[in-house]
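Q: Before I ask anything, let me first share the structure, which is written out below as structure tokens.
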Amino acid sequence: MDHRILTAGERIELRRRRLGLSRRVVAQLSGRSEEWLRQVEVGRCRLDSIEMATRLAEVLHFESPMELVGWSALNRPIAHDVGLDMAPLTRAVMNHPSVHPDIVLESGSPTIDSVHDGLEQCWQVWLGSPGRYTELAARLPQVLVAARVVRAAAQSDSTQPVEESGRLLVDAYQLARLLFTRVGEHNLAWLVADRPIGILARNSEPLAISISCWHMAGVLLAMGYHAESFDYAVTASKWLRVNAGDDKRAAFVDGALLLVAAEAAAARLDAEAAAALLAQAGQLADELGPDSSDRRVRFGAKEIAITGMDIDLRLGRVDDAIRLAAETDIPDESAIDVRVGYFLTTAYAYSLRGEDFAAVFALQQVERACSEDIRYDWRAHRTLQKLARHDHHLIRRDLAKLLALATLG
């Protein structure tokens with residue numbers, strides 16, 4: 001397997017095991033605690049200095065500390081490594097009209113209505129198509145460029161609906177953010193999460209601004225900026241409550257912000273804050289009821305359960321995560337994102353406990369929900385890499401099929 005898809009912690013654990021060294025011995029030789037080393041290996045703590053990377057490289061006989069410094073927990077498999085053509089979407093993001101004013105659209109001159117229809121089709125693909133990654137990567141670039149062209153035209157013509165065209169462009173950027181995050185393109189996800197903030201700077205709609213804050217907080221969390229993600233989400237939640245009144249949709253977005261804040265708190269090993277925020281989100285979900293939904297953000301009872309599992313894993317409570325997974329019912333008719341999120345988290349929890357049969361079964365449920373999530377979602381790759389290192393002979397055949405599907409075999 002290509003070592004480029006391993007995180008720093010995984011490389012440390014793999015080398016330590018190959019050398020036959022216990023975690024306690026390596027920690028003592030490095031001048032750190034055994035618990036600190038465990039947190040590094042499982043990805044919940046990053047190497048905090050070049051000096052420490054150098055010391056670990058010496059203990060574990062790496063040729064250079066750069067073999068560790070260059071591999072953070074953020075270096076997940078990205079789209080072009082696994083065959084998804086993201087180049088058109090990347091170009092669409094980078095080729096801003098102010099720099100490339102002569103971009104030609106295949107569909108001709110766009111209108112507000114054509115951009116709206118294109119976005120609707122893209123959302124339907126992302127939320128329900130079995131080929132959602134490849135279809136969205138093919139469709140979204142033209143829609144994003146069209147949205148920017150329409151907004152630029154509206155800004156130069158006082159008779160055009162500037163705010164409506166701005167909302168469409170924000171929607172396109174945020175959909176791109178979801179795709180970039182899933183395939184591990186975190187830097188591009190950050191870029192397209194940040195642009196809506198500027199577009200909405202003069203907008204007085206608290207709901208739209210808060211949804212953009214939810215996207216940004218999620219990106220910061222994925223990139224390992226846990227304190228920043230926590231502050232961003234908590235601040236946006238408080239601001240939304242002050243400015244949105246009793247709007248039910250605002251309560252839905254508030255709940256989503258609380259879930260990001262809870263997971264960010266857990267990433268900082270603040271179990272008390274994580275529990276309090278999760279409980280607050282649960283109260284909101286109870287008040288909203290089961291019929292509430294918003295395609296632009298993720299919130300509800302099932303999302304609370306999945307986030308609770310993620311929190312347990314970040315805090316090292318693997319048994320609690322598995323127990324919560326067993327208590328959570330995800331019907332087959334649930335949205336693809338919900339089923340995928342639940343089974344990927346469950347699979348990772350089982351892989352951490354060494355229950356490889358259960359982990360493979362959970363991944364097979366992901367494949368059943370949407371096989372493209374096995375192929376392109378970095379979370380699936382993380383678990384598959386761990387299972388491949390276990391090399392359990394009784395699951396070898398099923399695992400080989402999943403690895404081939406993810407193009408990791």
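Going through the structure tokens in order, the chains are called A, B, and so on, while each chain numbers its residues from 1 and the ligands are numbered from 1 in the order shown.
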Give me, as a PDB file with N, CA, C and O atoms, in the first residue's frame, all polymer residues having an atom no more than 10 Å from Cys370 in chain A, counting only C-alpha atoms and skipping those fewer than 6 positions away in the same chain.
A:
```
ATOM      1  N   GLY A 128     -29.265  12.154  -3.319  1.00  0.00           N
ATOM      2  CA  GLY A 128     -29.960  10.915  -3.606  1.00  0.00           C
ATOM      3  C   GLY A 128     -29.416  10.011  -4.688  1.00  0.00           C
ATOM      4  O   GLY A 128     -29.903   8.896  -4.866  1.00  0.00           O
ATOM      5  N   SER A 129     -28.394  10.440  -5.419  1.00  0.00           N
ATOM      6  CA  SER A 129     -27.925   9.621  -6.537  1.00  0.00           C
ATOM      7  C   SER A 129     -26.845   8.637  -6.091  1.00  0.00           C
ATOM      8  O   SER A 129     -25.937   9.002  -5.337  1.00  0.00           O
ATOM      9  N   PRO A 130     -26.882   7.384  -6.585  1.00  0.00           N
ATOM     10  CA  PRO A 130     -25.805   6.432  -6.285  1.00  0.00           C
ATOM     11  C   PRO A 130     -24.472   6.828  -6.917  1.00  0.00           C
ATOM     12  O   PRO A 130     -23.420   6.345  -6.517  1.00  0.00           O
ATOM     13  N   GLY A 131     -24.525   7.720  -7.903  1.00  0.00           N
ATOM     14  CA  GLY A 131     -23.296   8.217  -8.517  1.00  0.00           C
ATOM     15  C   GLY A 131     -23.042   9.668  -8.147  1.00  0.00           C
ATOM     16  O   GLY A 131     -22.593  10.464  -8.968  1.00  0.00           O
ATOM     17  N   ARG A 132     -23.311  10.002  -6.899  1.00  0.00           N
ATOM     18  CA  ARG A 132     -23.357  11.407  -6.514  1.00  0.00           C
ATOM     19  C   ARG A 132     -22.016  12.127  -6.603  1.00  0.00           C
ATOM     20  O   ARG A 132     -21.975  13.315  -6.915  1.00  0.00           O
ATOM     21  N   TYR A 133     -20.918  11.433  -6.367  1.00  0.00           N
ATOM     22  CA  TYR A 133     -19.613  12.092  -6.462  1.00  0.00           C
ATOM     23  C   TYR A 133     -19.267  12.422  -7.914  1.00  0.00           C
ATOM     24  O   TYR A 133     -18.909  13.555  -8.244  1.00  0.00           O
ATOM     25  N   ILE A 336     -29.063   9.291   2.248  1.00  0.00           N
ATOM     26  CA  ILE A 336     -27.772   8.656   2.001  1.00  0.00           C
ATOM     27  C   ILE A 336     -26.713   9.173   2.971  1.00  0.00           C
ATOM     28  O   ILE A 336     -25.950   8.399   3.547  1.00  0.00           O
ATOM     29  N   ASP A 337     -26.659  10.494   3.145  1.00  0.00           N
ATOM     30  CA  ASP A 337     -25.647  11.075   4.020  1.00  0.00           C
ATOM     31  C   ASP A 337     -25.750  10.554   5.444  1.00  0.00           C
ATOM     32  O   ASP A 337     -24.736  10.325   6.107  1.00  0.00           O
ATOM     33  N   ARG A 339     -27.086   7.595   6.442  1.00  0.00           N
ATOM     34  CA  ARG A 339     -26.665   6.183   6.492  1.00  0.00           C
ATOM     35  C   ARG A 339     -25.153   6.051   6.361  1.00  0.00           C
ATOM     36  O   ARG A 339     -24.513   5.296   7.106  1.00  0.00           O
ATOM     37  N   VAL A 340     -24.588   6.807   5.428  1.00  0.00           N
ATOM     38  CA  VAL A 340     -23.140   6.745   5.228  1.00  0.00           C
ATOM     39  C   VAL A 340     -22.401   7.218   6.475  1.00  0.00           C
ATOM     40  O   VAL A 340     -21.460   6.572   6.943  1.00  0.00           O
ATOM     41  N   GLN A 364     -19.665  -2.585   4.395  1.00  0.00           N
ATOM     42  CA  GLN A 364     -20.529  -3.153   3.361  1.00  0.00           C
ATOM     43  C   GLN A 364     -21.887  -2.459   3.330  1.00  0.00           C
ATOM     44  O   GLN A 364     -22.520  -2.353   2.275  1.00  0.00           O
TER      45      GLN A 364
END
```
Q: Can you list, as a PyMOL selection string, every protein, DNA or RNA residue that comes within 8 Å of Ala146 in chain A when you count only C-alpha atoms, leaving out same-chain residues fewer than 3 positions away?
A: chain A and resi 105+110+115+142-143+149-150
Q: Go ahead and save the picked residues with C-alpha atoms, as a compact mmCIF listing (two decimals), in the first residue's frame.
A:
```
# COMPACT_ATOMS: atom_id res chain seq x y z
CA LEU A 105 -20.14 28.54 -20.73
CA PRO A 110 -27.06 31.98 -17.96
CA VAL A 115 -28.79 28.75 -12.34
CA GLN A 142 -20.69 24.85 -14.99
CA VAL A 143 -23.36 25.76 -12.44
CA VAL A 149 -21.58 35.26 -14.18
CA VAL A 150 -25.17 35.98 -13.17
```
Q: Which residues are close to Ala406 in chain A, i.e. within 7 Å by only C-alpha atoms, leaving aside same-chain residues fewer than 4 positions away? Reply as an MDAnalysis selection string.
A: chainID A and resid 374:376 402
Q: Export, as an mmCIF file, in the first residue's frame, the selected residues with N, CA, C and O atoms.
A:
```
data_model
loop_
_atom_site.group_PDB
_atom_site.id
_atom_site.type_symbol
_atom_site.label_atom_id
_atom_site.label_comp_id
_atom_site.auth_asym_id
_atom_site.auth_seq_id
_atom_site.Cartn_x
_atom_site.Cartn_y
_atom_site.Cartn_z
ATOM 1 N N ILE A 374 -17.536 4.629 -0.548
ATOM 2 C CA ILE A 374 -16.382 3.757 -0.268
ATOM 3 C C ILE A 374 -15.202 4.196 -1.131
ATOM 4 O O ILE A 374 -14.059 4.242 -0.672
ATOM 5 N N ARG A 375 -15.469 4.553 -2.352
ATOM 6 C CA ARG A 375 -14.380 4.888 -3.275
ATOM 7 C C ARG A 375 -13.755 6.253 -3.001
ATOM 8 O O ARG A 375 -12.540 6.412 -3.113
ATOM 9 N N TYR A 376 -14.576 7.232 -2.597
ATOM 10 C CA TYR A 376 -14.072 8.596 -2.552
ATOM 11 C C TYR A 376 -13.997 9.231 -1.167
ATOM 12 O O TYR A 376 -13.253 10.196 -0.985
ATOM 13 N N LEU A 402 -13.499 -4.464 -0.940
ATOM 14 C CA LEU A 402 -13.687 -3.070 -0.533
ATOM 15 C C LEU A 402 -12.459 -2.233 -0.889
ATOM 16 O O LEU A 402 -12.597 -1.086 -1.349
#
```
Q: Excluding Phe299 in chain A and any residue of its chain fewer than 6 positions from it, enumerate the residues within 9 Å of it, using only C-alpha atoms, and give them as a ChimeraX atom specification.
A: /A:252-253,255-257,259,281,285,292-293
Q: Could you dump the residues just selected with C-alpha atoms as a compact mmCIF listing (two decimals), in the first residue's frame?
A:
```txt
# COMPACT_ATOMS: atom_id res chain seq x y z
CA PHE A 252 -32.38 24.01 13.07
CA VAL A 253 -29.18 25.83 12.06
CA GLY A 255 -28.61 22.90 16.47
CA ALA A 256 -26.18 22.13 13.66
CA LEU A 257 -23.76 24.76 15.02
CA LEU A 259 -23.06 19.81 17.10
CA ALA A 281 -28.57 20.24 20.72
CA ALA A 285 -34.08 18.55 18.28
CA SER A 292 -37.77 19.49 10.47
CA SER A 293 -35.16 19.46 7.71
```
Q: According to DSSP computed on the backbone, where in range 75-219 of chain A is there alpha helix (DSSP H)? Give the residues as an NGL selection string.
A: :A and (87-94 or 112-128 or 132-156 or 162-182 or 186-199 or 206-219)
Q: Between A:Leu136, A:Val360, A:Ala266, A:Ala217, which has the minimum distance to Arg317 in chain A (counting only C-alpha atoms)?
A: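 Result for the nearest residue to Arg317 in chain A: A:Ala266.
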Q: Just the residues within 12 Å of Arg389 in chain A, please, counting only C-alpha atoms, with nothing from its chain fewer than 5 positions along; format it as an NGL selection string.
A: :A and (1 or 3 or 6 or 10-11 or 13-15 or 17-18 or 351-352 or 354 or 356 or 382-384 or 396 or 399)
Q: Counting only C-alpha atoms, figure out which residue out of A:Met52, A:Leu47, A:Ile304, A:Ala380 gets nearest to Arg182 in chain A.
A: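 The answer is A:Ala380, which sits nearest to Arg182 in chain A.
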Q: Could you make a table, as CSV, of the residues of range 263-328 of chain A that have an atom within 12 Å of an atom of range 33-40 of chain A, each with its nearest atom pair and distance in Å to one decimal, counting only C-alpha atoms, in chain and number order?
A:
```
residue,atom,partner,partner_atom,distance
A:Ala267,CA,A:Gln39,CA,10.7
A:Arg268,CA,A:Gln39,CA,11.5
A:Leu269,CA,A:Gln39,CA,10.5
A:Leu313,CA,A:Gln39,CA,11.1
A:Arg314,CA,A:Gln39,CA,9.2
A:Leu315,CA,A:Gln39,CA,9.4
A:Gly316,CA,A:Gln39,CA,8.5
```
Q: With only C-alpha atoms as the atoms that count, which of A:Asp171, A:Asp377, A:Asp329, A:Asp319 lies nearest to Ala349 in chain A?
A: A:Asp319
Q: From the list A:Glu164, A:Asp254, A:Glu272, A:Asp286, which residue is nearest Ile211 in chain A when using only C-alpha atoms?
A: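 For Ile211 in chain A, the nearest of the candidates is A:Asp254.
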Q: I need the residue nearest Gly166 in chain A from this list: A:Ala273, A:Ala152, A:Ala138, A:Val93. Use only C-alpha atoms for the distance.
A: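 Distance minimum relative to Gly166 in chain A lands on A:Ala152.
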Q: Interatomic distance between CA of Val366 in chain A and CA of Tyr350 in chain A?
A: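 Interatomic distance here is 14.3 Å.
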Q: Of the candidates A:Thr235, A:Asn95, A:Gln174, A:Asn187, which shows the shortest atom-to-atom distance to His215 in chain A, using only C-alpha atoms?
A: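 Among A:Thr235, A:Asn95, A:Gln174, A:Asn187, it is A:Gln174 that comes nearest to His215 in chain A.
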